[in-house]
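Following: one structure in structure tokens, then a few remarks.
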Amino acid sequence: MPNVNSAAPPARLAGFNALGPADAEAELLTCCACRAFARTVAALRPYRDLAQLTAAADAAVNDLAWSDVREALEAHPRIGERAGGAGRESAWSRQEQSGVDAAGRAVLDGLAEGNLAYEERFGHVYLICATGLSAGEMLARLRERLQNDEDTEREVVRAELAKITRLRMAKLLGDQS
């Protein structure tokens with residue numbers, strides 16, 4: 001798992017800092033598919049290290065309006081469904097959900113049913129930072145979260161989005177430790 005507390009390779013961070021606003025925003029959209037997030041984080045450049053960038057990203061996610069969080073959620077596939085496409089974001093999503101690859105039919109069916117129940121209850125995709133989790137763990141957490149009220153679940157979703165964003169920011173800047 002990427003270490004978000006370490007410094008990004010200087011050349012990668014310097015290159016990111018040197019991008020024009022539109023290019024920086026495009027890079028950031030692969031980490032969190034929300035235009036308000038990308039605009040905010042890009043506007044705060046330059047960053048001295050990954051820790052400073054990560055702190056800015058965390059703050060940006062926490063400050064998003066719920067409609068902006070929903071925009072970001074639209075880019076995430078259901079847990080258990082493979083992200084299509086050849087882009088970086090799709091590849092990262094497939095890596096993040098790799099814990100589903102070895103799941104048995106009962107767990108996969110449970111995830112499919114749970115995803116639908118979650119979407120019916122909350123109106124959006126079930127989001128979890130799946131990195132390092134087995135399909136069974138993802139399913140157990142989904143079932144737990146179905147018990148949440150709307151406000152509690154929004155807090156959990158925002159926290160999960162921030163975790164995913166942190167991991168992807170580290171990948172973006174080449175920190176694979």
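Numbering starts fresh at 1 for the residues of each chain in the structure tokens, the chains themselves are lettered A, B, ... in the order given, and ligands are numbered from 1 as they appear.
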Distance query Arg121 in chain A at most 10 Å, only C-alpha atoms, self and fewer than 6 positions along chain excluded, as a ChimeraX atom specification:
/A:115,146-150
With all heavy atoms retained, could you export that selection as a PDB file, in the first residue's frame?
ATOM      1  N   ASN A 115     -25.174  -4.471  -2.851  1.00  0.00           N
ATOM      2  CA  ASN A 115     -25.025  -3.249  -3.645  1.00  0.00           C
ATOM      3  C   ASN A 115     -26.386  -2.672  -4.007  1.00  0.00           C
ATOM      4  O   ASN A 115     -26.609  -1.459  -3.890  1.00  0.00           O
ATOM      5  CB  ASN A 115     -24.234  -3.528  -4.931  1.00  0.00           C
ATOM      6  CG  ASN A 115     -22.745  -3.600  -4.724  1.00  0.00           C
ATOM      7  OD1 ASN A 115     -22.195  -2.930  -3.871  1.00  0.00           O
ATOM      8  ND2 ASN A 115     -22.087  -4.425  -5.528  1.00  0.00           N
ATOM      9  N   LEU A 146     -25.444  -0.693   5.951  1.00  0.00           N
ATOM     10  CA  LEU A 146     -26.864  -0.615   5.611  1.00  0.00           C
ATOM     11  C   LEU A 146     -27.705  -0.220   6.824  1.00  0.00           C
ATOM     12  O   LEU A 146     -28.839   0.241   6.668  1.00  0.00           O
ATOM     13  CB  LEU A 146     -27.354  -1.948   5.034  1.00  0.00           C
ATOM     14  CG  LEU A 146     -27.055  -2.165   3.562  1.00  0.00           C
ATOM     15  CD1 LEU A 146     -27.311  -3.609   3.161  1.00  0.00           C
ATOM     16  CD2 LEU A 146     -27.866  -1.210   2.696  1.00  0.00           C
ATOM     17  N   GLN A 147     -27.144  -0.370   8.027  1.00  0.00           N
ATOM     18  CA  GLN A 147     -27.846   0.000   9.252  1.00  0.00           C
ATOM     19  C   GLN A 147     -27.698   1.486   9.585  1.00  0.00           C
ATOM     20  O   GLN A 147     -28.376   1.993  10.479  1.00  0.00           O
ATOM     21  CB  GLN A 147     -27.336  -0.846  10.428  1.00  0.00           C
ATOM     22  CG  GLN A 147     -27.398  -2.350  10.188  1.00  0.00           C
ATOM     23  CD  GLN A 147     -28.767  -2.826   9.738  1.00  0.00           C
ATOM     24  OE1 GLN A 147     -29.780  -2.492  10.345  1.00  0.00           O
ATOM     25  NE2 GLN A 147     -28.818  -3.593   8.651  1.00  0.00           N
ATOM     26  N   ASN A 148     -26.804   2.173   8.910  1.00  0.00           N
ATOM     27  CA  ASN A 148     -26.563   3.586   9.197  1.00  0.00           C
ATOM     28  C   ASN A 148     -27.743   4.449   8.781  1.00  0.00           C
ATOM     29  O   ASN A 148     -28.441   4.137   7.812  1.00  0.00           O
ATOM     30  CB  ASN A 148     -25.315   4.091   8.449  1.00  0.00           C
ATOM     31  CG  ASN A 148     -24.033   3.564   9.035  1.00  0.00           C
ATOM     32  OD1 ASN A 148     -23.995   3.074  10.160  1.00  0.00           O
ATOM     33  ND2 ASN A 148     -22.957   3.677   8.271  1.00  0.00           N
ATOM     34  N   ASP A 149     -27.894   5.588   9.481  1.00  0.00           N
ATOM     35  CA  ASP A 149     -28.840   6.595   9.010  1.00  0.00           C
ATOM     36  C   ASP A 149     -28.134   7.407   7.922  1.00  0.00           C
ATOM     37  O   ASP A 149     -26.926   7.279   7.716  1.00  0.00           O
ATOM     38  CB  ASP A 149     -29.324   7.483  10.160  1.00  0.00           C
ATOM     39  CG  ASP A 149     -28.205   8.255  10.837  1.00  0.00           C
ATOM     40  OD1 ASP A 149     -27.486   9.007  10.147  1.00  0.00           O
ATOM     41  OD2 ASP A 149     -28.041   8.098  12.064  1.00  0.00           O
ATOM     42  N   GLU A 150     -28.869   8.247   7.233  1.00  0.00           N
ATOM     43  CA  GLU A 150     -28.340   8.997   6.088  1.00  0.00           C
ATOM     44  C   GLU A 150     -27.137   9.864   6.470  1.00  0.00           C
ATOM     45  O   GLU A 150     -26.124   9.868   5.768  1.00  0.00           O
ATOM     46  CB  GLU A 150     -29.454   9.878   5.498  1.00  0.00           C
ATOM     47  CG  GLU A 150     -29.040  10.656   4.277  1.00  0.00           C
ATOM     48  CD  GLU A 150     -29.138   9.868   2.981  1.00  0.00           C
ATOM     49  OE1 GLU A 150     -29.797   8.821   2.957  1.00  0.00           O
ATOM     50  OE2 GLU A 150     -28.530  10.317   1.999  1.00  0.00           O
TER      51      GLU A 150
END
Shell around Ala106 in chain A at 12 Å using only C-alpha atoms, local window under 6 positions removed, as a PDB file with N, CA and C atoms, in the first residue's frame:
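So around-v1.pdb came out as:
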ATOM      1  N   VAL A 100     -11.721  -9.089  -4.444  1.00  0.00           N
ATOM      2  CA  VAL A 100     -12.930  -9.773  -4.910  1.00  0.00           C
ATOM      3  C   VAL A 100     -12.581 -10.943  -5.824  1.00  0.00           C
ATOM      4  N   ALA A 112     -23.567  -8.461  -4.785  1.00  0.00           N
ATOM      5  CA  ALA A 112     -24.514  -7.965  -5.793  1.00  0.00           C
ATOM      6  C   ALA A 112     -25.828  -7.564  -5.131  1.00  0.00           C
ATOM      7  N   GLU A 113     -26.335  -8.410  -4.257  1.00  0.00           N
ATOM      8  CA  GLU A 113     -27.585  -8.102  -3.556  1.00  0.00           C
ATOM      9  C   GLU A 113     -27.406  -6.909  -2.624  1.00  0.00           C
ATOM     10  N   GLY A 114     -26.298  -6.883  -1.915  1.00  0.00           N
ATOM     11  CA  GLY A 114     -26.026  -5.789  -0.990  1.00  0.00           C
ATOM     12  C   GLY A 114     -25.862  -4.460  -1.708  1.00  0.00           C
ATOM     13  N   ALA A 135     -13.141  -9.893  -0.198  1.00  0.00           N
ATOM     14  CA  ALA A 135     -14.537  -9.701  -0.587  1.00  0.00           C
ATOM     15  C   ALA A 135     -15.449  -9.912   0.614  1.00  0.00           C
ATOM     16  N   GLY A 136     -15.128 -10.871   1.462  1.00  0.00           N
ATOM     17  CA  GLY A 136     -15.929 -11.113   2.654  1.00  0.00           C
ATOM     18  C   GLY A 136     -15.927  -9.922   3.599  1.00  0.00           C
ATOM     19  N   LEU A 139     -18.106  -7.239   2.094  1.00  0.00           N
ATOM     20  CA  LEU A 139     -19.515  -7.588   2.259  1.00  0.00           C
ATOM     21  C   LEU A 139     -19.964  -7.349   3.694  1.00  0.00           C
TER      22      LEU A 139
END
So that I can check the surroundings of range 27-37 of chain A, please list as a PDB file with N, CA and C atoms, in the first residue's frame every protein, DNA and RNA residue that reaches within 6 Å of it, counting only C-alpha atoms and ignoring chain neighbours fewer than 3 positions away.
ATOM      1  N   ALA A  24      -3.224  19.854 -14.622  1.00  0.00           N
ATOM      2  CA  ALA A  24      -3.176  19.447 -13.214  1.00  0.00           C
ATOM      3  C   ALA A  24      -4.543  18.936 -12.770  1.00  0.00           C
ATOM      4  N   THR A  40      -9.822  22.912  -6.729  1.00  0.00           N
ATOM      5  CA  THR A  40      -9.301  23.399  -5.448  1.00  0.00           C
ATOM      6  C   THR A  40      -7.862  22.958  -5.228  1.00  0.00           C
ATOM      7  N   ALA A  60      -9.875  19.287   0.912  1.00  0.00           N
ATOM      8  CA  ALA A  60     -10.774  19.501  -0.226  1.00  0.00           C
ATOM      9  C   ALA A  60     -11.928  18.504  -0.209  1.00  0.00           C
ATOM     10  N   GLU A  71     -20.866  13.462  -7.441  1.00  0.00           N
ATOM     11  CA  GLU A  71     -20.159  13.484  -8.722  1.00  0.00           C
ATOM     12  C   GLU A  71     -18.981  12.511  -8.680  1.00  0.00           C
ATOM     13  N   ALA A  72     -18.228  12.524  -7.600  1.00  0.00           N
ATOM     14  CA  ALA A  72     -17.082  11.616  -7.462  1.00  0.00           C
ATOM     15  C   ALA A  72     -17.542  10.161  -7.424  1.00  0.00           C
ATOM     16  N   GLU A  89      -7.367   5.449 -14.017  1.00  0.00           N
ATOM     17  CA  GLU A  89      -8.365   5.324 -12.953  1.00  0.00           C
ATOM     18  C   GLU A  89      -9.011   3.941 -12.959  1.00  0.00           C
ATOM     19  N   THR A 165      -8.742   8.601  -2.256  1.00  0.00           N
ATOM     20  CA  THR A 165      -8.047   9.736  -2.871  1.00  0.00           C
ATOM     21  C   THR A 165      -6.597   9.792  -2.417  1.00  0.00           C
ATOM     22  N   ARG A 168      -4.592   7.111  -4.185  1.00  0.00           N
ATOM     23  CA  ARG A 168      -4.407   7.425  -5.603  1.00  0.00           C
ATOM     24  C   ARG A 168      -3.452   8.592  -5.806  1.00  0.00           C
ATOM     25  N   MET A 169      -3.443   9.539  -4.885  1.00  0.00           N
ATOM     26  CA  MET A 169      -2.495  10.650  -4.991  1.00  0.00           C
ATOM     27  C   MET A 169      -1.057  10.100  -4.901  1.00  0.00           C
TER      28      MET A 169
END
Glu160 in chain A environment, 8 Å, only C-alpha atoms, sequence neighbours closer than 4 positions dropped, as a ChimeraX atom specification:
/A:127-129,156,164
DSSP-assigned alpha helix (DSSP H) among range 8-175 of chain A, expressed as a count of residues only:
110
If you count only C-alpha atoms, which residues fall within 9 Å of Tyr126 in chain A, apart from same-chain ones fewer than 4 positions away, as a ChimeraX atom specification?
/A:73,76-79,114-116,118-119,122,142,157
Residues from last step as file, N, CA and C atoms, as a CSV table (one decimal), in the first residue's frame:
chain,number,residue,atom,x,y,z
A,73,LEU,N,-18.6,9.9,-6.8
A,73,LEU,CA,-19.1,8.5,-6.6
A,73,LEU,C,-19.5,7.9,-8.0
A,76,HIS,N,-17.1,5.6,-9.6
A,76,HIS,CA,-16.7,4.3,-9.0
A,76,HIS,C,-17.7,3.2,-9.4
A,77,PRO,N,-17.1,2.0,-9.8
A,77,PRO,CA,-18.0,0.9,-10.1
A,77,PRO,C,-18.5,0.3,-8.8
A,78,ARG,N,-19.5,-0.5,-8.9
A,78,ARG,CA,-20.0,-1.3,-7.8
A,78,ARG,C,-18.9,-2.2,-7.3
A,79,ILE,N,-18.8,-2.5,-6.0
A,79,ILE,CA,-17.9,-3.5,-5.5
A,79,ILE,C,-18.3,-4.8,-6.1
A,114,GLY,N,-26.3,-6.9,-1.9
A,114,GLY,CA,-26.0,-5.8,-1.0
A,114,GLY,C,-25.9,-4.5,-1.7
A,115,ASN,N,-25.2,-4.5,-2.9
A,115,ASN,CA,-25.0,-3.2,-3.6
A,115,ASN,C,-26.4,-2.7,-4.0
A,116,LEU,N,-27.3,-3.5,-4.5
A,116,LEU,CA,-28.6,-3.1,-4.8
A,116,LEU,C,-29.4,-2.5,-3.6
A,118,TYR,N,-28.1,-1.3,-0.9
A,118,TYR,CA,-27.5,0.0,-0.5
A,118,TYR,C,-27.9,1.1,-1.4
A,119,GLU,N,-27.9,0.9,-2.7
A,119,GLU,CA,-28.3,1.9,-3.7
A,119,GLU,C,-29.7,2.3,-3.5
A,122,PHE,N,-29.7,4.4,-0.1
A,122,PHE,CA,-28.9,5.7,0.0
A,122,PHE,C,-28.9,6.4,-1.3
A,142,LEU,N,-20.4,-3.7,4.2
A,142,LEU,CA,-21.6,-3.2,3.5
A,142,LEU,C,-22.8,-3.5,4.3
A,157,VAL,N,-19.0,7.7,3.9
A,157,VAL,CA,-18.7,7.8,2.5
A,157,VAL,C,-17.6,8.8,2.2
Mind checking which residues fall within 10 Å of Val41 in chain A, counting only C-alpha atoms, ignoring those fewer than 4 positions away in the same chain, and posting them as a PyMOL selection string?
chain A and resi 24-25+28+36-37+45-47+53-61
Check the smallest atom-to-atom distance from each of A:Met138, A:Val125, A:Leu44, A:Leu133 to Gly110 in chain A using only C-alpha atoms, then report the winner.
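Between A:Met138, A:Val125, A:Leu44, A:Leu133, the residue approaching Gly110 in chain A most closely is A:Met138.
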I'd like the interatomic distance between CA of Arg154 in chain A and CA of Ala140 in chain A, to a tenth of an Å.
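Here the two named atoms are 18.3 Å from each other.
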So what do you get for CA of Gly20 in chain A versus CA of Asn62 in chain A, distance-wise?
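Distance between the two atoms: 24.8 Å.
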Give me, please, the distance in Å between CA of Thr152 in chain A and CA of Ala170 in chain A, quoted to one decimal.
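So the two atoms, CA of Thr152 in chain A and CA of Ala170 in chain A, lie 27.7 Å apart.
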